[in-house]
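Engineer: Structure file run24.cif (mmCIF, C-alpha atoms) is given on the next line.
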```cif
data_target
#
loop_
_atom_site.label_atom_id
_atom_site.label_comp_id
_atom_site.auth_asym_id
_atom_site.auth_seq_id
_atom_site.Cartn_x
_atom_site.Cartn_y
_atom_site.Cartn_z
CA MET A 14 115.73 65.74 87.29
CA ALA A 15 115.12 63.30 90.18
CA THR A 16 118.21 61.82 91.79
CA THR A 17 119.09 60.20 95.09
CA GLU A 18 122.54 61.82 95.04
CA SER A 19 123.12 64.82 97.30
CA ILE A 20 125.87 67.42 97.26
CA THR A 21 128.17 67.71 100.27
CA LEU A 22 129.59 70.78 101.95
CA GLY A 23 133.14 70.28 100.75
CA LYS A 24 132.04 70.34 97.13
CA VAL A 25 130.25 73.69 97.39
CA GLU A 26 132.08 76.96 96.90
CA LYS A 27 131.02 80.52 97.45
CA GLY A 28 130.12 82.00 94.09
CA ALA A 29 129.06 78.70 92.55
CA LYS A 30 126.09 78.98 90.22
CA LEU A 31 123.02 76.80 90.49
CA PRO A 32 121.80 75.28 87.20
CA GLU A 33 119.40 77.66 85.49
CA TRP A 34 115.78 76.50 85.05
CA SER A 35 113.08 77.91 82.81
CA LEU A 36 109.37 77.38 82.31
CA ASP A 37 106.97 78.74 79.68
CA VAL A 38 104.14 79.61 82.05
CA SER A 39 100.65 78.66 80.96
CA VAL A 40 97.21 79.38 82.37
CA THR A 41 97.19 75.75 83.49
CA ASP A 42 100.42 76.26 85.43
CA VAL A 43 98.99 79.23 87.32
CA VAL A 44 95.69 77.50 88.09
CA LEU A 45 97.44 74.22 88.97
CA GLY A 46 99.58 76.07 91.48
CA ALA A 47 96.61 77.89 92.96
CA LEU A 48 94.70 74.62 93.37
CA ALA A 49 97.72 72.78 94.76
CA THR A 50 98.05 75.51 97.40
CA ARG A 51 94.29 75.56 98.08
CA ASP A 52 94.12 79.21 97.06
CA TRP A 53 90.62 79.85 95.73
CA ARG A 54 91.03 83.58 95.36
CA PRO A 55 89.84 84.67 91.93
CA MET A 56 92.91 86.65 90.84
CA HIS A 57 94.67 83.32 90.42
CA HIS A 58 92.08 81.71 88.13
CA ASP A 59 89.69 84.46 86.85
CA LYS A 60 91.25 86.72 84.23
CA ASP A 61 88.40 89.27 84.33
CA PHE A 62 88.77 89.63 88.10
CA ALA A 63 92.53 90.01 87.87
CA GLN A 64 92.18 92.73 85.25
CA GLU A 65 89.22 94.62 86.71
CA ARG A 66 89.88 94.33 90.45
CA ASN A 67 93.65 93.94 90.72
CA GLY A 68 94.51 96.07 87.70
CA VAL A 69 96.89 93.50 86.24
CA ARG A 70 96.97 91.95 82.79
CA HIS A 71 96.10 88.34 83.62
CA ILE A 72 95.86 85.81 86.45
CA PHE A 73 99.20 85.37 88.20
CA VAL A 74 101.29 82.92 90.23
CA ASN A 75 100.44 83.12 93.94
CA THR A 76 102.82 83.42 96.88
CA PRO A 77 102.94 79.80 98.11
CA HIS A 78 103.27 78.55 94.53
CA ASN A 79 106.19 80.95 94.20
CA ALA A 80 107.72 79.41 97.33
CA ALA A 81 107.28 75.92 95.89
CA TYR A 82 109.19 76.94 92.75
CA PHE A 83 112.07 78.16 94.90
CA GLU A 84 112.11 74.96 96.93
CA LYS A 85 112.15 72.87 93.74
CA PHE A 86 115.00 74.96 92.30
CA ILE A 87 117.07 74.64 95.46
CA THR A 88 116.60 70.93 96.07
CA ASP A 89 117.11 70.05 92.41
CA TRP A 90 120.63 71.34 93.11
CA THR A 91 121.17 69.88 96.59
CA GLY A 92 119.59 66.47 96.08
CA PRO A 93 117.20 64.86 98.59
CA LYS A 94 119.38 65.38 101.69
CA GLY A 95 119.17 69.16 101.25
CA ARG A 96 116.91 70.55 103.98
CA LEU A 97 115.53 74.06 103.71
CA GLY A 98 116.10 76.11 106.85
CA LYS A 99 114.91 79.54 105.85
CA ILE A 100 113.61 81.17 102.73
CA LYS A 101 112.90 84.84 102.22
CA PHE A 102 111.56 86.33 99.06
CA ARG A 103 110.45 89.69 97.82
CA MET A 104 108.01 89.82 94.94
CA LYS A 105 108.55 92.86 92.77
CA ASP A 106 106.30 91.84 89.94
CA SER A 107 103.96 89.05 89.04
CA VAL A 108 104.39 86.08 86.72
CA PHE A 109 101.62 85.69 84.17
CA PRO A 110 100.61 83.10 81.57
CA GLY A 111 102.65 83.63 78.43
CA ASP A 112 105.76 84.61 80.42
CA THR A 113 108.94 82.54 80.21
CA MET A 114 109.99 82.32 83.84
CA THR A 115 113.70 81.69 84.46
CA MET A 116 115.35 80.94 87.79
CA ILE A 117 119.03 81.64 88.43
CA GLY A 118 120.99 81.32 91.65
CA GLU A 119 124.36 81.63 93.28
CA VAL A 120 125.97 80.44 96.53
CA SER A 121 126.60 83.53 98.66
CA ASP A 122 128.14 81.70 101.62
CA VAL A 123 129.15 78.24 102.78
CA ARG A 124 129.34 77.66 106.53
CA THR A 125 129.06 75.27 109.44
CA ASP A 126 127.06 76.36 112.46
CA ASP A 127 127.83 75.80 116.14
CA GLN A 128 125.87 72.54 116.06
CA GLY A 129 128.04 71.19 113.20
CA CYS A 130 125.32 71.58 110.58
CA GLY A 131 126.54 72.52 107.09
CA TRP A 132 124.77 75.38 105.32
CA ALA A 133 124.74 76.95 101.91
CA ASP A 134 123.30 80.44 101.72
CA LEU A 135 121.84 81.24 98.32
CA GLU A 136 120.76 84.28 96.36
CA ILE A 137 118.20 83.41 93.72
CA GLN A 138 116.24 85.39 91.17
CA MET A 139 113.05 84.53 89.38
CA LYS A 140 113.03 86.49 86.13
CA VAL A 141 110.87 87.13 83.11
CA GLY A 142 113.25 88.35 80.43
CA GLU A 143 115.47 90.90 82.14
CA ASN A 144 112.79 91.77 84.70
CA VAL A 145 113.42 90.20 88.09
CA THR A 146 109.99 89.33 89.42
CA THR A 147 111.14 87.87 92.74
CA PHE A 148 114.37 88.09 94.73
CA CYS A 149 114.98 85.18 97.07
CA SER A 150 117.50 84.50 99.82
CA ALA A 151 117.61 80.99 101.22
CA SER A 152 119.60 78.92 103.68
CA VAL A 153 119.68 75.20 102.98
CA ALA A 154 121.35 72.60 105.17
CA ILE A 155 123.53 70.21 103.21
CA PRO A 156 125.44 67.15 104.40
CA THR A 157 128.96 67.75 105.68
CA ASP A 158 129.95 64.38 104.19
CA ASP A 159 128.33 61.29 102.63
CA ASN A 160 127.40 59.92 106.04
CA ASP A 161 125.73 63.10 107.27
CA ASN A 162 122.00 63.81 106.87
CA PRO A 163 120.53 67.17 107.92
CA TRP A 164 117.04 65.66 108.10
CA LYS A 165 118.11 63.70 111.19
CA ARG A 166 118.74 66.93 113.15
CA LYS A 167 116.31 67.65 115.96
CA GLY A 168 115.84 70.04 118.86
CA GLY A 169 118.86 72.20 119.58
CA ASP A 170 120.83 70.62 116.73
CA TRP A 171 118.52 72.27 114.20
CA GLN A 172 119.02 76.05 114.22
CA PRO A 173 117.93 77.55 110.88
CA MET B 13 96.06 109.88 94.77
CA ALA B 14 93.52 108.39 97.19
CA ASN B 15 93.33 109.80 100.72
CA LEU B 16 93.46 107.35 103.60
CA GLU B 17 91.71 107.51 106.94
CA PRO B 18 93.85 107.26 110.07
CA ILE B 19 94.26 103.75 111.48
CA PRO B 20 91.32 103.15 113.83
CA ALA B 21 92.19 102.65 117.48
CA HIS B 22 90.72 99.15 117.53
CA VAL B 23 93.01 98.16 114.64
CA GLU B 24 96.03 99.67 116.42
CA ALA B 25 95.11 97.44 119.36
CA TRP B 26 95.38 94.34 117.17
CA VAL B 27 99.15 94.78 116.73
CA GLY B 28 101.00 92.13 118.74
CA GLU B 29 97.81 90.27 119.65
CA LYS B 30 97.58 86.47 119.14
CA ARG B 31 94.71 86.07 116.69
CA TYR B 32 92.77 83.19 115.19
CA PRO B 33 94.26 80.18 116.93
CA GLU B 34 93.03 77.22 114.94
CA GLU B 35 93.60 73.66 113.94
CA GLY B 36 93.87 72.55 110.31
CA GLU B 37 90.64 71.24 108.78
CA PHE B 38 92.26 68.02 107.60
CA ASP B 39 95.32 65.88 108.18
CA VAL B 40 98.46 66.28 106.10
CA GLU B 41 98.04 63.89 103.21
CA ARG B 42 99.96 62.65 100.18
CA GLY B 43 97.46 63.68 97.51
CA TYR B 44 98.15 67.35 98.09
CA ILE B 45 101.86 66.63 98.40
CA PHE B 46 101.85 65.04 94.94
CA SER B 47 99.77 67.91 93.55
CA SER B 48 102.17 70.47 94.96
CA CYS B 49 105.19 68.68 93.55
CA ALA B 50 103.49 68.26 90.17
CA SER B 51 102.59 71.97 90.05
CA VAL B 52 106.27 72.95 90.06
CA GLN B 53 107.86 69.81 88.56
CA ASN B 54 109.52 68.93 91.87
CA GLY B 55 110.82 65.38 91.41
CA ASN B 56 112.63 65.19 94.77
CA PRO B 57 112.48 61.43 95.50
CA ILE B 58 111.78 61.98 99.20
CA PHE B 59 108.26 62.99 98.12
CA TRP B 60 107.73 60.37 95.40
CA ASP B 61 109.63 57.26 96.60
CA GLU B 62 108.64 55.74 99.94
CA LYS B 63 111.90 53.79 100.21
CA VAL B 64 113.94 56.97 99.83
CA ALA B 65 111.66 58.77 102.28
CA ASN B 66 112.10 56.02 104.87
CA GLU B 67 115.86 56.18 104.48
CA ILE B 68 116.38 59.94 104.44
CA THR B 69 113.44 61.55 106.26
CA ASP B 70 112.22 58.67 108.46
CA GLY B 71 109.07 58.37 106.41
CA PRO B 72 106.97 60.52 104.05
CA ILE B 73 107.02 64.25 104.68
CA ALA B 74 105.53 67.29 102.98
CA PRO B 75 107.67 69.82 101.11
CA PRO B 76 108.54 72.50 103.69
CA SER B 77 107.23 75.24 101.39
CA MET B 78 103.73 73.72 101.68
CA ILE B 79 103.49 74.84 105.28
CA SER B 80 100.62 77.28 104.72
CA VAL B 81 98.63 74.94 102.48
CA TRP B 82 97.34 72.87 105.39
CA PHE B 83 95.48 75.88 106.76
CA ARG B 84 93.78 77.14 103.70
CA PRO B 85 90.13 76.47 104.46
CA HIS B 86 87.80 74.56 102.19
CA PHE B 87 86.14 76.91 99.71
CA TRP B 88 82.82 75.55 100.93
CA ALA B 89 81.98 73.37 103.92
CA PRO B 90 78.59 72.26 105.29
CA TYR B 91 79.44 73.69 108.70
CA ARG B 92 80.37 77.15 107.45
CA GLU B 93 77.97 79.90 106.31
CA GLU B 94 80.60 82.18 104.78
CA GLU B 95 83.53 81.42 102.51
CA GLY B 96 86.53 80.48 104.60
CA LYS B 97 89.50 82.73 104.09
CA PRO B 98 93.06 81.84 104.94
CA MET B 99 95.03 84.39 106.87
CA GLN B 100 91.85 86.10 108.06
CA THR B 101 93.92 88.83 109.70
CA HIS B 102 94.95 90.06 106.25
CA PHE B 103 91.30 90.36 105.21
CA ASP B 104 90.42 92.02 108.51
CA LEU B 105 93.01 94.70 107.81
CA LYS B 106 91.69 95.24 104.30
CA GLU B 107 88.17 95.67 105.61
CA HIS B 108 88.88 97.78 108.68
CA LEU B 109 91.38 100.03 106.94
CA GLY B 110 89.11 100.51 103.91
CA LEU B 111 91.62 99.10 101.45
CA PRO B 112 89.74 96.86 99.00
CA GLU B 113 92.69 95.48 97.01
CA ALA B 114 95.87 93.84 98.21
CA ILE B 115 98.96 91.97 97.13
CA MET B 116 101.70 90.21 99.04
CA SER B 117 105.23 91.52 98.58
CA ASP B 118 107.62 89.84 101.03
CA ASN B 119 107.47 86.38 102.55
CA THR B 120 109.92 84.81 104.98
CA ILE B 121 109.55 81.25 106.19
CA THR B 122 111.67 79.56 108.84
CA PHE B 123 111.29 75.79 109.02
CA GLY B 124 111.26 73.63 112.12
CA VAL B 125 110.49 69.94 112.41
CA PRO B 126 109.29 68.30 109.17
CA VAL B 127 105.58 68.12 108.50
CA ARG B 128 104.62 64.46 108.25
CA VAL B 129 101.78 62.64 106.57
CA GLY B 130 99.01 62.32 109.13
CA ASP B 131 99.95 65.45 111.10
CA ARG B 132 97.17 67.79 112.21
CA LEU B 133 98.73 71.24 112.47
CA LYS B 134 97.80 74.25 114.60
CA THR B 135 98.44 77.91 113.96
CA HIS B 136 97.84 81.47 115.09
CA GLN B 137 98.40 84.89 113.52
CA VAL B 138 100.06 88.06 114.83
CA ILE B 139 100.15 91.53 113.25
CA ARG B 140 103.67 92.87 113.73
CA SER B 141 103.29 96.29 112.07
CA ILE B 142 101.10 98.59 109.95
CA SER B 143 102.79 101.33 107.91
CA ASP B 144 102.01 104.96 107.23
CA PRO B 145 100.28 105.64 103.89
CA LYS B 146 102.36 104.70 100.85
CA THR B 147 101.80 105.12 97.11
CA THR B 148 103.02 102.56 94.57
CA LYS B 149 102.25 101.85 90.91
CA LEU B 150 99.20 99.92 92.10
CA GLY B 151 97.69 102.67 94.23
CA THR B 152 97.75 104.23 97.69
CA GLY B 153 97.58 102.11 100.80
CA ARG B 154 99.47 100.67 103.74
CA PHE B 155 102.01 97.89 104.15
CA TRP B 156 101.53 95.44 106.96
CA VAL B 157 103.50 92.51 108.38
CA ILE B 158 101.65 89.44 109.63
CA GLU B 159 103.39 86.50 111.30
CA ILE B 160 101.89 83.02 111.26
CA VAL B 161 103.19 80.40 113.67
CA TYR B 162 102.69 76.68 112.99
CA GLU B 163 102.90 73.73 115.37
CA ASN B 164 102.09 70.06 115.02
CA GLN B 165 99.79 68.01 117.25
CA ASN B 166 102.72 67.38 119.60
CA GLY B 167 103.30 71.08 120.15
CA GLU B 168 106.50 71.04 118.09
CA HIS B 169 107.34 74.13 116.07
CA VAL B 170 107.11 73.29 112.38
CA GLY B 171 107.57 76.78 111.03
CA THR B 172 106.93 80.51 111.13
CA GLU B 173 105.84 82.60 108.17
CA SER B 174 106.11 86.36 107.98
CA TYR B 175 104.10 88.05 105.22
CA THR B 176 104.29 91.66 104.09
CA GLY B 177 101.06 92.71 102.43
CA PHE B 178 100.17 95.94 100.69
CA GLY B 179 96.52 96.90 100.94
CA TYR B 180 95.53 99.70 98.58
CA LYS B 181 92.98 101.75 96.76
CA ARG B 182 93.51 101.97 93.01
CA GLY B 183 94.28 105.36 91.50
#
```
Represent the supplied structure as structure tokens.
Structural biologist:
Amino acid sequence: MATTESITLGKVEKGAKLPEWSLDVSVTDVVLGALATRDWRPMHHDKDFAQERNGVRHIFVNTPHNAAYFEKFITDWTGPKGRLGKIKFRMKDSVFPGDTMTMIGEVSDVRTDDQGCGWADLEIQMKVGENVTTFCSASVAIPTDDNDNPWKRKGGDWQP
Amino acid sequence: MANLEPIPAHVEAWVGEKRYPEEGEFDVERGYIFSSCASVQNGNPIFWDEKVANEITDGPIAPPSMISVWFRPHFWAPYREEEGKPMQTHFDLKEHLGLPEAIMSDNTITFGVPVRVGDRLKTHQVIRSISDPKTTKLGTGRFWVIEIVYENQNGEHVGTESYTGFGYKRG
């Protein structure tokens, strides 16, 4: 849900859960993501190719589309002042049309760096049923107070 | 289980080498930003509301996760005889190691200065490692790590991506 409100460092605690988000993935979703990421490779839009060449059951969500889902999930929680610093994810399995994809996350650490930037470190999972398809670790800069804005950081003041 | 040939010497020599320096084929633009946001239902107002963008990010920016999108070549272009492939190094490894199929497993992205509408980005690719033969549920192949470094037209670092790919033969 779009909002102009942003969380601040003092209101985030280690162990806090991010709001869960789910999507019933369709063929259109997979193809839309492939097109939006300019990925013309056939395993992301051609079911026969995905089955015969990749040995998987259907077309599947590509890597940059995966990254975009994680960014959406994180900044839905932080609000617009949240600024991604680093994101790392490991794909264990693919997400296919017909899957219900669910994203869950937790704050693993809350900290302030030497430049005074506030950070929330997150552990996030993308799941289909009980199967975790992607594990994600992310560091997102969040305002230390209502007057702070991580997007204004430049040069040596931005150390993700 | 498929048998693999040793890594050719010329491929070993690629490790650590700066490969494929290039400039993006088009400027960062809002159409693709909207498409990216729509594809994942990202309603962050800094991408949709110019007033909010001016206030928070000093003007319209692209979602940081879009960093690689600006370098994916056109599927067809009048100046190109072959299909353009992003991350050509990945396809080079597939070809020269004889591994026809591949997936990506790990991806790490570190973000620098925001990518802004109108930017023309530059990039280059570096192979960091190639593994010994491995067998997974997909087949037998090798893992490799490729790093992609992005800068804007002012030479500012906008991000670095590290991909782990697994190239394999089925069976």
Engineer: I'd like to see the residues matched by the PyMOL selection byres ((chain A) within 6 of (chain B)) on this file, and ideally I'd get them as a list in words.
Structural biologist: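 With the shown file as input, the PyMOL selection byres ((chain A) within 6 of (chain B)) matches Ala15, Leu45, Gly46, Ala49, Thr50, Arg51, Ala80, Ala81, Tyr82, Lys85, Pro93, Gly98, Lys99, Ile100, Lys101, Phe102, Arg103, Met104 and Trp164 of chain A.
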Engineer: If you keep C-alpha atoms, can you produce a file of those selected residues as an mmCIF file, in the frame of the given file?
Structural biologist:
```
data_model
loop_
_atom_site.group_PDB
_atom_site.id
_atom_site.type_symbol
_atom_site.label_atom_id
_atom_site.label_comp_id
_atom_site.auth_asym_id
_atom_site.auth_seq_id
_atom_site.Cartn_x
_atom_site.Cartn_y
_atom_site.Cartn_z
ATOM 1 C CA ALA A 15 115.120 63.300 90.180
ATOM 2 C CA LEU A 45 97.440 74.220 88.970
ATOM 3 C CA GLY A 46 99.580 76.070 91.480
ATOM 4 C CA ALA A 49 97.720 72.780 94.760
ATOM 5 C CA THR A 50 98.050 75.510 97.400
ATOM 6 C CA ARG A 51 94.290 75.560 98.080
ATOM 7 C CA ALA A 80 107.720 79.410 97.330
ATOM 8 C CA ALA A 81 107.280 75.920 95.890
ATOM 9 C CA TYR A 82 109.190 76.940 92.750
ATOM 10 C CA LYS A 85 112.150 72.870 93.740
ATOM 11 C CA PRO A 93 117.200 64.860 98.590
ATOM 12 C CA GLY A 98 116.100 76.110 106.850
ATOM 13 C CA LYS A 99 114.910 79.540 105.850
ATOM 14 C CA ILE A 100 113.610 81.170 102.730
ATOM 15 C CA LYS A 101 112.900 84.840 102.220
ATOM 16 C CA PHE A 102 111.560 86.330 99.060
ATOM 17 C CA ARG A 103 110.450 89.690 97.820
ATOM 18 C CA MET A 104 108.010 89.820 94.940
ATOM 19 C CA TRP A 164 117.040 65.660 108.100
#
```
Engineer: Enter the distance from CA of Ser150 in chain A to CA of Leu97 in chain A, in Å, rounded to one decimal.
Structural biologist: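 Computed distance, CA of Ser150 in chain A to CA of Leu97 in chain A, equals 11.3 Å.
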Engineer: To test your reading of the syntax: which residues would the PyMOL selection byres ((chain A and resi 146) around 8) return for the file shown? Reply as a list in words.
Structural biologist: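 Here the PyMOL selection byres ((chain A and resi 146) around 8) matches Met104, Lys105, Asp106, Ser107, Val108, Gln138, Met139, Lys140, Val141, Asn144, Val145, Thr147 and Phe148 of chain A.
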Engineer: Can you tell me how far CA of Thr115 in chain A sits from CA of Ala63 in chain A, in Å to one decimal?
Structural biologist: 23.0 Å
Engineer: Could you list the residues chosen by the PyMOL selection byres ((chain B and resi 153) around 6) in this structure as number ranges by chain?
Structural biologist: B: 145-146, 152, 154, 179-180
Engineer: Can I get the selection written as a PDB file, keeping the file's coordinate frame, with C-alpha atoms?
Structural biologist:
```pdb
ATOM      1  CA  PRO B 145     100.280 105.640 103.890  1.00  0.00           C
ATOM      2  CA  LYS B 146     102.360 104.700 100.850  1.00  0.00           C
ATOM      3  CA  THR B 152      97.750 104.230  97.690  1.00  0.00           C
ATOM      4  CA  ARG B 154      99.470 100.670 103.740  1.00  0.00           C
ATOM      5  CA  GLY B 179      96.520  96.900 100.940  1.00  0.00           C
ATOM      6  CA  TYR B 180      95.530  99.700  98.580  1.00  0.00           C
TER       7      TYR B 180
END
```
